[in-house]
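One structure below.
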Amino acid sequence: MKKFLVLLFVLSFTNIFSQKKNFSLEVNYPLEFSNGNSSNLTGVINSKIKYRFFNRESFSIGTSYSIDLLTGDLQYPYDKESFISHHFNLFGEVPLNSTNKLIPSLGIGYSTQSYFKSIIIYNNSGEVSSTSEKDTIGGFNISFGGTYDIFKNFFIQANFQFIRLYVEDYIAEKKIGFNKNRLKIGVGYRF
């Protein structure tokens, strides 16, 4: 209870002394709609921090950093994989109405995705062996979405992100690209 009261005090303190809300934090649930190198991916969580370095009544421009955590099964039984994606974006926002409650946004940036794969081999008596490997790939992303203010600083939001990642094909000696599509739905707080 003490932690909750301290957090409430800090949040109200930031509201009293800040004129413009240049920062925001978001927590979302990511949904994967891709046909890429993975299948059956399930979202765990997405979190994002935004900073608006140019913040006016009619529009704002800023940068953001977000991280996605996803998990899933591979084609073979007993194989698991998890993904951690990092997104660095430049974005713009334009309020659609005079009350500034509905704010669409458009962004472009760079994404990296770390791939963690665990293979567990079982027999009749239990687990025999377990191996894991990690790889990181990169590419670009384009995102669009919007927020709707519920209260002065608290909002709900949805964001669609198209991600184009490139992996090195050592047999053909060239880079191969594949697409990821993610829908992120959640809540946020401006301060």
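If you're wondering about the labels, chains in the structure tokens are A, B, ... by order shown, residues count from 1 in each chain, ligands from 1 in order shown.
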*asked:* If we count only C-alpha atoms and set the cut-off at 8 Å, which residues sit around range 152-165 of chain A, ignoring sequence neighbours fewer than 5 positions away in its own chain? Please answer as an MDAnalysis selection string.
replied: chainID A and resid 111:112 137:147 177:191
*asked:* Need the shell around Tyr51 in chain A: protein/DNA/RNA residues with any atom at most 8 Å away, counting only C-alpha atoms. Skip same-chain ones fewer than 3 positions apart. Format as a list of chain:residue names?
replied: A:Asn22, A:Phe23, A:Ser24, A:Gly62, A:Thr63, A:Ser64
Could you save those same residues with C-alpha atoms as a PDB file, in the first residue's frame?
```pdb
ATOM      1  CA  ASN A  22       6.708  15.256 -23.453  1.00  0.00           C
ATOM      2  CA  PHE A  23       7.077  11.675 -22.148  1.00  0.00           C
ATOM      3  CA  SER A  24       4.715   8.732 -22.221  1.00  0.00           C
ATOM      4  CA  GLY A  62       9.443  12.546 -31.190  1.00  0.00           C
ATOM      5  CA  THR A  63      11.417   9.352 -30.731  1.00  0.00           C
ATOM      6  CA  SER A  64      10.451   6.085 -29.103  1.00  0.00           C
TER       7      SER A  64
END
```
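Taking CA of Asn28 in chain A as the reference point, CA of Ser66 in chain A is found at 10.2 Å.
If you look at CA of Tyr166 in chain A and CA of Leu90 in chain A, they are 20.6 Å away from each other.
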